[in-house]
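Asker: Below is the file final-v7.tsv, which contains TSV, C-alpha atoms.
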```tsv
chain	number	residue	atom	x	y	z
A	1	MET	CA	11.35	-7.39	15.71
A	2	ARG	CA	7.90	-7.43	14.11
A	3	PHE	CA	6.15	-4.58	12.32
A	4	ILE	CA	2.98	-3.69	10.44
A	5	HIS	CA	3.35	-1.41	7.42
A	6	ILE	CA	0.29	0.58	6.29
A	7	ALA	CA	-0.26	3.66	4.14
A	8	ASP	CA	-3.03	5.68	2.49
A	9	VAL	CA	-5.66	5.05	5.13
A	10	HIS	CA	-7.34	8.36	4.18
A	11	LEU	CA	-9.25	8.92	7.41
A	12	GLY	CA	-11.93	11.52	6.71
A	13	ALA	CA	-12.55	10.44	3.13
A	14	VAL	CA	-16.15	9.82	2.05
A	15	PRO	CA	-15.89	7.66	-1.08
A	16	ASP	CA	-18.66	7.31	-3.66
A	17	LYS	CA	-20.40	10.58	-2.81
A	18	GLY	CA	-23.97	10.73	-4.04
A	19	TYR	CA	-24.62	7.00	-3.65
A	20	SER	CA	-26.78	5.47	-0.93
A	21	TRP	CA	-23.89	3.63	0.72
A	22	SER	CA	-21.45	6.57	0.73
A	23	GLY	CA	-22.06	7.64	4.32
A	24	GLN	CA	-21.20	4.27	5.73
A	25	ARG	CA	-18.01	4.15	3.63
A	26	GLY	CA	-16.57	7.10	5.57
A	27	GLU	CA	-17.36	5.41	8.88
A	28	GLU	CA	-16.02	2.15	7.49
A	29	ILE	CA	-12.55	3.63	6.92
A	30	TRP	CA	-12.31	4.66	10.59
A	31	ARG	CA	-13.68	1.27	11.65
A	32	SER	CA	-11.10	-0.56	9.55
A	33	PHE	CA	-8.33	1.58	11.06
A	34	ARG	CA	-9.50	0.74	14.59
A	35	LYS	CA	-9.64	-2.93	13.65
A	36	LEU	CA	-6.05	-2.71	12.36
A	37	LEU	CA	-4.93	-1.25	15.69
A	38	ASP	CA	-6.70	-4.08	17.50
A	39	GLU	CA	-4.72	-6.47	15.30
A	40	ALA	CA	-1.47	-4.77	16.28
A	41	GLU	CA	-2.45	-4.99	19.96
A	42	ASN	CA	-3.46	-8.64	19.77
A	43	GLN	CA	-0.20	-9.54	18.02
A	44	GLN	CA	1.83	-7.28	20.32
A	45	THR	CA	3.47	-5.91	17.18
A	46	ASP	CA	6.61	-3.90	17.92
A	47	PHE	CA	6.13	-1.17	15.30
A	48	LEU	CA	3.26	0.31	13.29
A	49	LEU	CA	4.79	2.09	10.29
A	50	ILE	CA	2.51	4.59	8.51
A	51	ALA	CA	3.97	5.73	5.18
A	52	GLY	CA	1.87	8.85	4.64
A	53	ASP	CA	-1.74	9.88	4.01
A	54	LEU	CA	-3.13	8.61	7.27
A	55	PHE	CA	-5.67	11.38	6.69
A	56	HIS	CA	-7.48	12.25	3.46
A	57	GLN	CA	-6.63	15.92	3.88
A	58	PRO	CA	-4.74	18.02	6.42
A	59	PRO	CA	-6.39	16.80	9.63
A	60	THR	CA	-8.48	18.86	11.99
A	61	LEU	CA	-7.62	19.01	15.68
A	62	ARG	CA	-10.56	16.71	16.37
A	63	GLU	CA	-9.28	14.10	13.93
A	64	LEU	CA	-5.81	14.27	15.48
A	65	ARG	CA	-7.25	13.74	18.95
A	66	GLU	CA	-9.29	10.76	17.79
A	67	ALA	CA	-6.30	9.08	16.14
A	68	ASN	CA	-4.06	9.87	19.10
A	69	TYR	CA	-6.58	8.33	21.51
A	70	LEU	CA	-6.58	5.13	19.47
A	71	PHE	CA	-2.78	5.05	19.33
A	72	GLY	CA	-2.69	5.54	23.08
A	73	LYS	CA	-4.60	2.28	23.62
A	74	LEU	CA	-1.65	0.30	22.21
A	75	SER	CA	0.17	-1.24	25.17
A	76	HIS	CA	3.28	-2.38	23.28
A	77	THR	CA	3.36	-1.01	19.73
A	78	GLN	CA	5.46	2.01	18.79
A	79	VAL	CA	3.87	4.11	16.02
A	80	VAL	CA	6.09	5.92	13.50
A	81	LEU	CA	4.45	8.03	10.78
A	82	ILE	CA	5.05	10.66	8.12
A	83	ALA	CA	2.67	13.05	6.37
A	84	GLY	CA	1.97	12.46	2.68
A	85	ASN	CA	0.68	14.65	-0.11
A	86	HIS	CA	-2.94	14.49	1.07
A	87	ASP	CA	-2.31	15.24	4.76
A	88	PHE	CA	0.67	17.54	4.13
A	89	LEU	CA	1.77	20.01	6.81
A	90	GLY	CA	0.58	23.49	5.92
A	91	GLU	CA	1.60	26.61	7.82
A	92	ASP	CA	-1.58	26.58	9.91
A	93	SER	CA	-1.76	22.82	10.37
A	94	PRO	CA	-2.62	21.89	13.99
A	95	GLU	CA	-0.37	18.87	13.48
A	96	MET	CA	2.68	21.16	13.63
A	97	THR	CA	2.17	21.76	17.37
A	98	PHE	CA	0.13	18.69	18.31
A	99	GLN	CA	1.40	16.65	21.26
A	100	TRP	CA	1.30	12.98	20.33
A	101	ASN	CA	1.34	10.17	22.87
A	102	GLU	CA	4.69	8.85	24.06
A	103	ASN	CA	4.35	5.78	21.82
A	104	VAL	CA	4.01	7.94	18.65
A	105	VAL	CA	6.92	9.37	16.67
A	106	PHE	CA	5.92	11.82	13.95
A	107	LEU	CA	8.75	12.54	11.51
A	108	ASP	CA	7.46	15.99	10.64
A	109	LYS	CA	10.53	17.70	9.17
A	110	GLU	CA	11.04	18.55	5.48
A	111	TYR	CA	14.44	16.84	5.64
A	112	CYS	CA	15.14	13.22	6.51
A	113	GLU	CA	15.21	12.38	10.20
A	114	CYS	CA	16.24	9.17	11.91
A	115	VAL	CA	14.88	7.80	15.17
A	116	TYR	CA	16.66	4.96	16.97
A	117	PHE	CA	14.88	2.35	19.08
A	118	GLU	CA	17.54	0.85	21.29
A	119	GLY	CA	15.53	-2.10	22.56
A	120	PHE	CA	15.13	-3.36	18.98
A	121	ASN	CA	18.38	-1.98	17.55
A	122	THR	CA	16.22	-0.43	14.84
A	123	TYR	CA	16.64	2.85	12.94
A	124	ILE	CA	13.62	4.36	11.19
A	125	TYR	CA	14.01	7.19	8.68
A	126	GLY	CA	11.61	9.56	6.96
A	127	PHE	CA	10.33	13.07	6.35
A	128	SER	CA	6.96	14.68	5.70
A	129	TYR	CA	5.35	16.63	2.89
A	130	HIS	CA	4.95	20.35	3.59
A	131	ARG	CA	3.19	20.97	0.28
A	132	ARG	CA	0.95	18.93	-2.01
A	133	GLU	CA	3.54	18.26	-4.67
A	134	ILE	CA	7.26	17.55	-4.52
A	135	THR	CA	8.87	16.91	-7.89
A	136	ASP	CA	12.47	16.38	-6.74
A	137	PRO	CA	13.76	12.78	-6.36
A	138	LEU	CA	14.59	13.27	-2.68
A	139	TYR	CA	14.85	9.58	-1.83
A	140	ASP	CA	17.44	8.60	-4.45
A	141	GLU	CA	20.48	9.82	-2.51
A	142	LEU	CA	19.43	8.91	1.02
A	143	ARG	CA	21.73	6.56	2.89
A	144	PRO	CA	21.21	4.79	6.23
A	145	ASP	CA	23.54	5.04	9.19
A	146	GLN	CA	26.45	2.61	8.92
A	147	ARG	CA	25.95	1.19	12.40
A	148	GLU	CA	24.75	-2.38	12.79
A	149	GLY	CA	20.99	-2.86	13.16
A	150	CYS	CA	17.77	-2.80	11.18
A	151	HIS	CA	17.37	0.29	8.95
A	152	ILE	CA	13.88	1.13	7.64
A	153	LEU	CA	12.89	4.07	5.42
A	154	LEU	CA	9.35	5.44	5.31
A	155	ALA	CA	8.76	6.93	1.86
A	156	HIS	CA	5.71	8.43	0.15
A	157	GLY	CA	5.59	9.01	-3.59
A	158	GLY	CA	6.75	7.45	-6.81
A	159	ASP	CA	5.18	9.52	-9.59
A	160	GLU	CA	6.41	12.66	-11.35
A	161	HIS	CA	4.54	15.05	-9.03
A	162	HIS	CA	5.17	13.22	-5.75
A	163	ILE	CA	8.86	12.49	-5.13
A	164	PRO	CA	9.75	10.36	-8.14
A	165	PHE	CA	12.42	7.80	-7.38
A	166	ASN	CA	14.75	5.44	-9.16
A	167	LYS	CA	14.10	1.91	-7.95
A	168	LYS	CA	17.62	0.73	-8.76
A	169	LYS	CA	19.17	3.58	-6.79
A	170	LEU	CA	16.97	2.88	-3.79
A	171	GLU	CA	17.82	-0.79	-3.99
A	172	LYS	CA	21.53	0.05	-3.67
A	173	ASN	CA	21.13	2.64	-0.92
A	174	GLY	CA	21.46	0.10	1.88
A	175	PHE	CA	18.11	0.17	3.69
A	176	ASP	CA	16.90	-3.19	4.99
A	177	TYR	CA	13.30	-2.27	4.15
A	178	ILE	CA	11.59	0.64	2.38
A	179	ALA	CA	7.96	1.07	3.45
A	180	LEU	CA	6.23	2.88	0.60
A	181	GLY	CA	3.00	4.86	0.42
A	182	HIS	CA	1.05	6.85	-2.21
A	183	ILE	CA	0.19	4.09	-4.71
A	184	HIS	CA	-3.09	2.51	-3.59
A	185	LYS	CA	-2.49	-0.87	-5.16
A	186	PRO	CA	-0.32	-3.10	-2.94
A	187	GLN	CA	2.79	-4.22	-4.76
A	188	GLU	CA	6.22	-5.55	-3.91
A	189	LEU	CA	8.96	-3.78	-5.88
A	190	ILE	CA	11.81	-5.78	-4.36
A	191	THR	CA	11.04	-9.02	-2.50
A	192	ASN	CA	11.14	-8.47	1.27
A	193	ARG	CA	12.89	-5.11	0.82
A	194	MET	CA	10.66	-2.52	-0.87
A	195	ALA	CA	6.86	-2.49	-1.11
A	196	TYR	CA	3.74	-0.38	-1.36
A	197	ALA	CA	1.27	-1.43	1.32
A	198	GLY	CA	-1.54	0.06	-0.76
A	199	ALA	CA	-4.67	1.63	0.69
A	200	LEU	CA	-6.02	-0.09	3.79
A	201	GLU	CA	-9.53	0.22	2.33
A	202	PRO	CA	-10.17	1.03	-1.36
A	203	ILE	CA	-11.40	4.61	-1.72
A	204	ASP	CA	-11.66	5.03	-5.49
A	205	VAL	CA	-13.39	3.04	-8.22
A	206	ASN	CA	-9.98	2.29	-9.74
A	207	ASP	CA	-8.68	0.78	-6.47
A	208	VAL	CA	-9.51	-2.72	-7.65
A	209	GLY	CA	-8.03	-5.90	-6.21
A	210	PRO	CA	-7.11	-6.87	-2.64
A	211	HIS	CA	-6.25	-4.27	0.01
A	212	GLY	CA	-4.77	-4.57	3.45
A	213	TYR	CA	-1.39	-4.25	5.16
A	214	ILE	CA	2.11	-5.71	5.14
A	215	ALA	CA	3.34	-7.73	8.11
A	216	GLY	CA	7.12	-7.89	8.48
A	217	GLU	CA	9.65	-9.54	10.75
A	218	PHE	CA	13.36	-8.80	11.18
A	219	GLU	CA	15.37	-11.77	12.39
A	220	ASN	CA	19.01	-12.80	12.02
A	221	GLY	CA	19.75	-9.73	9.91
A	222	LYS	CA	17.00	-10.38	7.37
A	223	ILE	CA	13.46	-9.10	6.84
A	224	HIS	CA	10.59	-11.29	5.70
A	225	THR	CA	7.29	-9.66	4.66
A	226	GLU	CA	3.80	-10.89	3.89
A	227	PHE	CA	0.79	-9.07	2.50
A	228	VAL	CA	-2.37	-9.54	4.58
A	229	GLU	CA	-5.79	-8.92	3.01
A	230	PHE	CA	-7.83	-6.80	5.39
A	231	ALA	CA	-10.34	-4.59	3.56
A	232	SER	CA	-14.04	-5.05	4.24
A	233	ARG	CA	-15.02	-4.62	0.58
A	234	SER	CA	-13.58	-4.20	-2.90
A	235	TYR	CA	-14.29	-2.37	-6.14
A	236	VAL	CA	-15.06	-4.89	-8.87
A	237	HIS	CA	-15.14	-4.19	-12.61
A	238	LEU	CA	-17.43	-6.64	-14.40
A	239	GLU	CA	-17.74	-7.28	-18.12
A	240	LEU	CA	-20.91	-9.12	-19.13
A	241	GLU	CA	-21.63	-10.54	-22.58
A	242	SER	CA	-24.87	-10.30	-24.51
A	243	ASP	CA	-25.90	-11.62	-27.91
A	244	ALA	CA	-28.87	-11.25	-30.25
A	245	GLY	CA	-30.88	-13.68	-28.13
A	246	THR	CA	-30.27	-11.99	-24.77
A	247	THR	CA	-33.46	-10.48	-23.40
A	248	SER	CA	-33.64	-7.69	-20.87
A	249	PHE	CA	-34.68	-10.12	-18.12
A	250	ALA	CA	-31.85	-12.47	-19.09
A	251	MET	CA	-29.32	-9.65	-18.73
A	252	GLN	CA	-30.85	-8.64	-15.39
A	253	GLU	CA	-30.44	-12.20	-14.13
A	254	GLN	CA	-26.86	-12.25	-15.39
A	255	ILE	CA	-26.13	-9.13	-13.31
A	256	GLU	CA	-27.85	-10.60	-10.24
A	257	GLU	CA	-25.81	-13.80	-10.52
A	258	ALA	CA	-22.55	-11.84	-10.93
A	259	LEU	CA	-23.28	-9.78	-7.81
A	260	ARG	CA	-24.00	-12.92	-5.79
A	261	GLU	CA	-20.82	-14.55	-7.04
A	262	HIS	CA	-18.54	-11.60	-6.26
A	263	GLY	CA	-20.21	-10.51	-3.01
A	264	ASP	CA	-23.06	-8.19	-2.08
A	265	GLU	CA	-20.71	-6.04	0.02
A	266	ASN	CA	-18.55	-5.06	-2.96
A	267	ILE	CA	-18.99	-2.05	-5.24
A	268	TYR	CA	-19.38	-2.53	-8.97
A	269	ARG	CA	-18.72	-0.91	-12.30
A	270	ILE	CA	-20.44	-2.94	-15.02
A	271	LYS	CA	-19.81	-2.98	-18.76
A	272	ILE	CA	-22.11	-4.84	-21.19
A	273	LYS	CA	-20.33	-6.08	-24.30
A	274	GLY	CA	-21.24	-8.05	-27.42
A	275	PHE	CA	-24.39	-7.68	-29.51
A	276	ARG	CA	-28.07	-7.29	-28.76
A	277	SER	CA	-31.31	-7.44	-30.68
A	278	PRO	CA	-31.92	-4.06	-32.38
A	279	ASP	CA	-35.22	-3.65	-30.53
A	280	ILE	CA	-33.68	-4.21	-27.07
A	281	ARG	CA	-33.19	-1.29	-24.68
A	282	TRP	CA	-31.44	-2.27	-21.46
A	283	ASN	CA	-33.22	-0.97	-18.37
A	284	THR	CA	-29.97	0.18	-16.77
A	285	ARG	CA	-31.58	2.81	-14.53
A	286	SER	CA	-33.61	0.25	-12.59
A	287	TRP	CA	-30.69	-2.21	-12.52
A	288	MET	CA	-28.63	0.32	-10.57
A	289	ASN	CA	-30.83	-0.50	-7.56
A	290	MET	CA	-29.84	-4.17	-7.58
A	291	GLY	CA	-26.73	-3.59	-5.45
A	292	ASN	CA	-23.78	-1.29	-4.87
A	293	ILE	CA	-23.47	-0.32	-8.53
A	294	LEU	CA	-21.62	2.86	-9.50
A	295	ASP	CA	-22.53	2.73	-13.18
A	296	ILE	CA	-23.57	0.40	-15.98
A	297	ARG	CA	-22.00	1.09	-19.36
A	298	ASP	CA	-23.64	-0.36	-22.45
A	299	ASP	CA	-20.99	-1.12	-25.06
A	300	SER	CA	-23.14	-3.69	-26.84
A	301	LYS	CA	-24.09	-3.10	-30.48
A	302	PRO	CA	-27.39	-3.74	-32.24
A	303	ASP	CA	-27.09	-7.02	-34.12
A	304	TYR	CA	-27.95	-5.75	-37.57
A	305	ASP	CA	-27.31	-8.02	-40.56
A	306	LEU	CA	-25.33	-5.34	-42.37
A	307	GLU	CA	-24.77	-7.44	-45.46
A	308	GLU	CA	-28.51	-7.89	-45.88
A	309	ILE	CA	-29.22	-4.23	-45.08
A	310	TYR	CA	-26.65	-3.14	-47.66
A	311	ARG	CA	-28.15	-5.49	-50.26
A	312	VAL	CA	-31.61	-4.05	-49.72
A	313	HIS	CA	-30.54	-0.40	-49.37
A	314	LYS	CA	-27.48	-0.16	-51.60
A	315	ASP	CA	-29.14	2.51	-53.76
A	316	ASP	CA	-30.45	4.75	-50.96
A	317	ILE	CA	-28.99	6.78	-48.10
A	318	ILE	CA	-28.42	3.74	-45.90
A	319	GLY	CA	-26.37	1.96	-48.54
A	320	ARG	CA	-24.38	5.10	-49.29
A	321	TYR	CA	-23.75	5.55	-45.54
A	322	ILE	CA	-22.36	2.01	-45.25
A	323	GLU	CA	-20.16	2.50	-48.32
A	324	LYS	CA	-18.91	5.86	-47.08
A	325	LEU	CA	-17.72	4.48	-43.76
A	326	LEU	CA	-16.67	0.97	-44.70
A	327	GLY	CA	-15.77	1.12	-48.36
A	328	ASN	CA	-14.28	-2.27	-49.23
A	329	GLU	CA	-14.47	-3.44	-45.60
A	330	LYS	CA	-18.03	-4.72	-45.97
A	331	GLN	CA	-16.80	-8.31	-45.64
A	332	GLU	CA	-15.46	-7.57	-42.13
A	333	MET	CA	-18.53	-5.91	-40.76
A	334	ARG	CA	-18.12	-7.23	-37.21
A	335	GLU	CA	-14.68	-5.76	-36.80
A	336	LYS	CA	-14.37	-3.93	-33.45
A	337	SER	CA	-13.29	-0.43	-34.37
A	338	VAL	CA	-14.35	3.17	-34.06
A	339	ARG	CA	-15.57	3.02	-37.66
A	340	MET	CA	-17.75	-0.01	-37.00
A	341	ARG	CA	-19.21	1.64	-33.92
A	342	ALA	CA	-20.19	4.62	-36.08
A	343	VAL	CA	-21.79	2.26	-38.59
A	344	TYR	CA	-23.97	0.56	-36.00
A	345	TYR	CA	-25.06	3.82	-34.38
A	346	GLY	CA	-25.67	5.47	-37.73
A	347	ILE	CA	-27.62	2.55	-39.17
A	348	HIS	CA	-29.73	2.43	-36.05
A	349	ALA	CA	-30.61	6.13	-36.41
A	350	LEU	CA	-31.30	5.82	-40.15
A	351	MET	CA	-33.45	2.71	-39.77
A	352	LYS	CA	-35.65	4.55	-37.29
A	353	GLU	CA	-36.24	7.28	-39.86
A	354	ILE	CA	-37.49	4.85	-42.54
```
In structure tokens, write the structure found in this file.
Answerer:
Amino acid sequence: MRFIHIADVHLGAVPDKGYSWSGQRGEEIWRSFRKLLDEAENQQTDFLLIAGDLFHQPPTLRELREANYLFGKLSHTQVVLIAGNHDFLGEDSPEMTFQWNENVVFLDKEYCECVYFEGFNTYIYGFSYHRREITDPLYDELRPDQREGCHILLAHGGDEHHIPFNKKKLEKNGFDYIALGHIHKPQELITNRMAYAGALEPIDVNDVGPHGYIAGEFENGKIHTEFVEFASRSYVHLELESDAGTTSFAMQEQIEEALREHGDENIYRIKIKGFRSPDIRWNTRSWMNMGNILDIRDDSKPDYDLEEIYRVHKDDIIGRYIEKLLGNEKQEMREKSVRMRAVYYGIHALMKEI
């Protein structure tokens, strides 16, 4: 028996609102989902397991019809899904009465259900969110049926507001595999037995690293899983270094080179560190147009020779300012601290006044 485990697809999300590429990101999530279904069809995968948050919010009837149409094109794969905290089942949710295709099983109850697939001797368990937050550890005491076969639990949560769970308890509960959703970073909690698939496509600037799905196979009573990278782009956090000799054009070229190295399709948050000449002002506004850049943060400090400044100004306001903040720390004037940051900003302001 072979399966694909996904979660947190977030159909309907429009990431990076306000940026020029945002519109295509929303379309991209649907496109990636369709591509994943093509993968399941090409592989003739037996099960597609969706561990919550297929949709970014409670889906509209139109969105349900679109997803159902795509599921219906699968000639072999059986789809089993639950609703997560984003696409939870509200009282007026059209999903409560929606008629899914025959190859789709929606575990829509607030209590744990089990569906048995005789041809694969496989039991799949799960339940759906009916509200945004569930603070009870509902998974900790679940147990699979004692009959022989493959027992898989679909579970969504893992933090204090969304079904917290005890990993050790789940490990001892007896499920052959626990397909997790809610955490967007893919991670294996127990080798071949418990894993977050992560988001299929990254949807938030903090969703750094690879994204995709988990491919699994049950054979001879054991499950083997493998993470498959699938996302069309990534969020990348870059830290670039400057020094007193770095010019504005040099920093611009450093950014251009970093974007080429990491890929034009990716989305960037950039931080500039180190020191810079006191008369340098980075042209960050124009640099934002060099690629898919969310923001550029300048954490560099003006490269003042504080020892020399203190020697020259020890009897005026600048000298007193340095003494007030640093005291006897003048010999460690490049120490990275909140106090040193205040010194550099303050000296810069005072020097402009003189």
Asker: Mind giving me the straight-line distance from atom CA of A:Asn68 to atom CA of A:Asn101 in Å, one decimal?
Answerer: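 These atoms are spaced 6.6 Å apart.
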Asker: Quick one: contact table of stretch 49-80 of chain A to stretch 183-188 of chain A, 12 Å max, nearest atom pair and distance in Å to one decimal per residue, counting all atoms listed in the file, chain and number order, as JSON lines?
Answerer:
```
{"residue": "A:Ala51", "atom": "CA", "partner": "A:Ile183", "partner_atom": "CA", "distance": 10.7}
{"residue": "A:Gly52", "atom": "CA", "partner": "A:Ile183", "partner_atom": "CA", "distance": 10.6}
{"residue": "A:Asp53", "atom": "CA", "partner": "A:Ile183", "partner_atom": "CA", "distance": 10.6}
```
Asker: Measuring atom to atom with only C-alpha atoms, identify which of A:Glu257, A:Asp87, A:Glu102, A:Asp46 is nearest to A:Val9.
Answerer: A:Asp87
Asker: Measuring atom to atom with all atoms listed in the file, identify which of A:Gly157, A:Gly245, A:Gly319, A:Gly174 is nearest to A:Ile134.
Answerer: A:Gly157
Asker: Please list as an mmCIF file with C-alpha atoms, in the frame of the given file every residue within 12 Å of A:Tyr116, counting all atoms listed in the file and excluding residues in the same chain fewer than 2 positions away.
Answerer:
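Output (selection_28.cif):
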```cif
data_model
loop_
_atom_site.group_PDB
_atom_site.id
_atom_site.type_symbol
_atom_site.label_atom_id
_atom_site.label_comp_id
_atom_site.auth_asym_id
_atom_site.auth_seq_id
_atom_site.Cartn_x
_atom_site.Cartn_y
_atom_site.Cartn_z
ATOM 1 C CA GLN A 78 5.460 2.010 18.790
ATOM 2 C CA VAL A 80 6.090 5.920 13.500
ATOM 3 C CA VAL A 105 6.920 9.370 16.670
ATOM 4 C CA GLU A 113 15.210 12.380 10.200
ATOM 5 C CA CYS A 114 16.240 9.170 11.910
ATOM 6 C CA GLU A 118 17.540 0.850 21.290
ATOM 7 C CA GLY A 119 15.530 -2.100 22.560
ATOM 8 C CA PHE A 120 15.130 -3.360 18.980
ATOM 9 C CA ASN A 121 18.380 -1.980 17.550
ATOM 10 C CA THR A 122 16.220 -0.430 14.840
ATOM 11 C CA TYR A 123 16.640 2.850 12.940
ATOM 12 C CA ILE A 124 13.620 4.360 11.190
ATOM 13 C CA TYR A 125 14.010 7.190 8.680
ATOM 14 C CA PRO A 144 21.210 4.790 6.230
ATOM 15 C CA ASP A 145 23.540 5.040 9.190
ATOM 16 C CA ARG A 147 25.950 1.190 12.400
ATOM 17 C CA GLU A 148 24.750 -2.380 12.790
ATOM 18 C CA GLY A 149 20.990 -2.860 13.160
ATOM 19 C CA CYS A 150 17.770 -2.800 11.180
ATOM 20 C CA HIS A 151 17.370 0.290 8.950
ATOM 21 C CA ILE A 152 13.880 1.130 7.640
#
```
Asker: Counting all atoms listed in the file, which of A:Glu239, A:Glu217, A:Ile163, A:Trp287 gets nearest to A:Ile270?
Answerer: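 Ranking A:Glu239, A:Glu217, A:Ile163, A:Trp287 by distance to A:Ile270, first place goes to A:Glu239.
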Asker: Counting only C-alpha atoms, which of A:Gly181, A:Gly23, A:Gly209, A:Pro302 gets nearest to A:Asn85?
Answerer: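 Going through A:Gly181, A:Gly23, A:Gly209, A:Pro302 one by one, the smallest distance to A:Asn85 is for A:Gly181.
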Asker: Would you please work out which residue, of A:Ile255, A:Ala40, A:Pro210, A:Gln57, is nearest to A:Thr284 when using only C-alpha atoms?
Answerer: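 With only C-alpha atoms as the atom set, the closest residue is A:Ile255.
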Asker: Work out how far apart atom CA of A:His76 and atom CA of A:Leu48 are and give it in Å to one decimal.
Answerer: 10.3 Å
Asker: If you count all atoms listed in the file, which residues fall within 6 Å of A:Arg276, apart from same-chain ones fewer than 3 positions away, as an NGL selection string?
Answerer: :A and (243-244 or 302-303)
Asker: Grab the residues selected above and save them as an mmCIF file, keeping the file's coordinate frame with C-alpha atoms.
Answerer:
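Once written, selection.cif looks like this:
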```
data_model
loop_
_atom_site.group_PDB
_atom_site.id
_atom_site.type_symbol
_atom_site.label_atom_id
_atom_site.label_comp_id
_atom_site.auth_asym_id
_atom_site.auth_seq_id
_atom_site.Cartn_x
_atom_site.Cartn_y
_atom_site.Cartn_z
ATOM 1 C CA ASP A 243 -25.900 -11.620 -27.910
ATOM 2 C CA ALA A 244 -28.870 -11.250 -30.250
ATOM 3 C CA PRO A 302 -27.390 -3.740 -32.240
ATOM 4 C CA ASP A 303 -27.090 -7.020 -34.120
#
```
Asker: Which one of A:Thr45, A:Asp279, A:Gly12, A:Glu39 sits closest to A:Thr60 if you count all atoms listed in the file?
Answerer: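 Looking only at the distances to A:Thr60, the closest residue turns out to be A:Gly12.
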Asker: Taking all atoms listed in the file into account, produce a table as a Markdown table in which each residue of stretch 247-269 of chain A with an atom at most 12 Å from an atom of stretch 16-20 of chain A appears once, together with its shortest atom pair and the distance in Å to one decimal, ordered by chain and rising number.
Answerer:
```
| residue | atom | partner | partner_atom | distance |
| --- | --- | --- | --- | --- |
| A:Ile267 | CA | A:Asp16 | CA | 9.5 |
| A:Tyr268 | CA | A:Asp16 | CA | 11.2 |
| A:Arg269 | CA | A:Asp16 | CA | 11.9 |
```
Asker: May I have the residues within 8 Å of A:Asn103 as a count of residues only, using only C-alpha atoms and disregarding those fewer than 5 positions away in the same chain?
Answerer: 5
Asker: What does the structure give for the distance between atom CA of A:Asn266 and atom CA of A:Arg25, in Å to one decimal?
Answerer: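 Spanning atom CA of A:Asn266 to atom CA of A:Arg25 is a straight-line distance of 11.3 Å.
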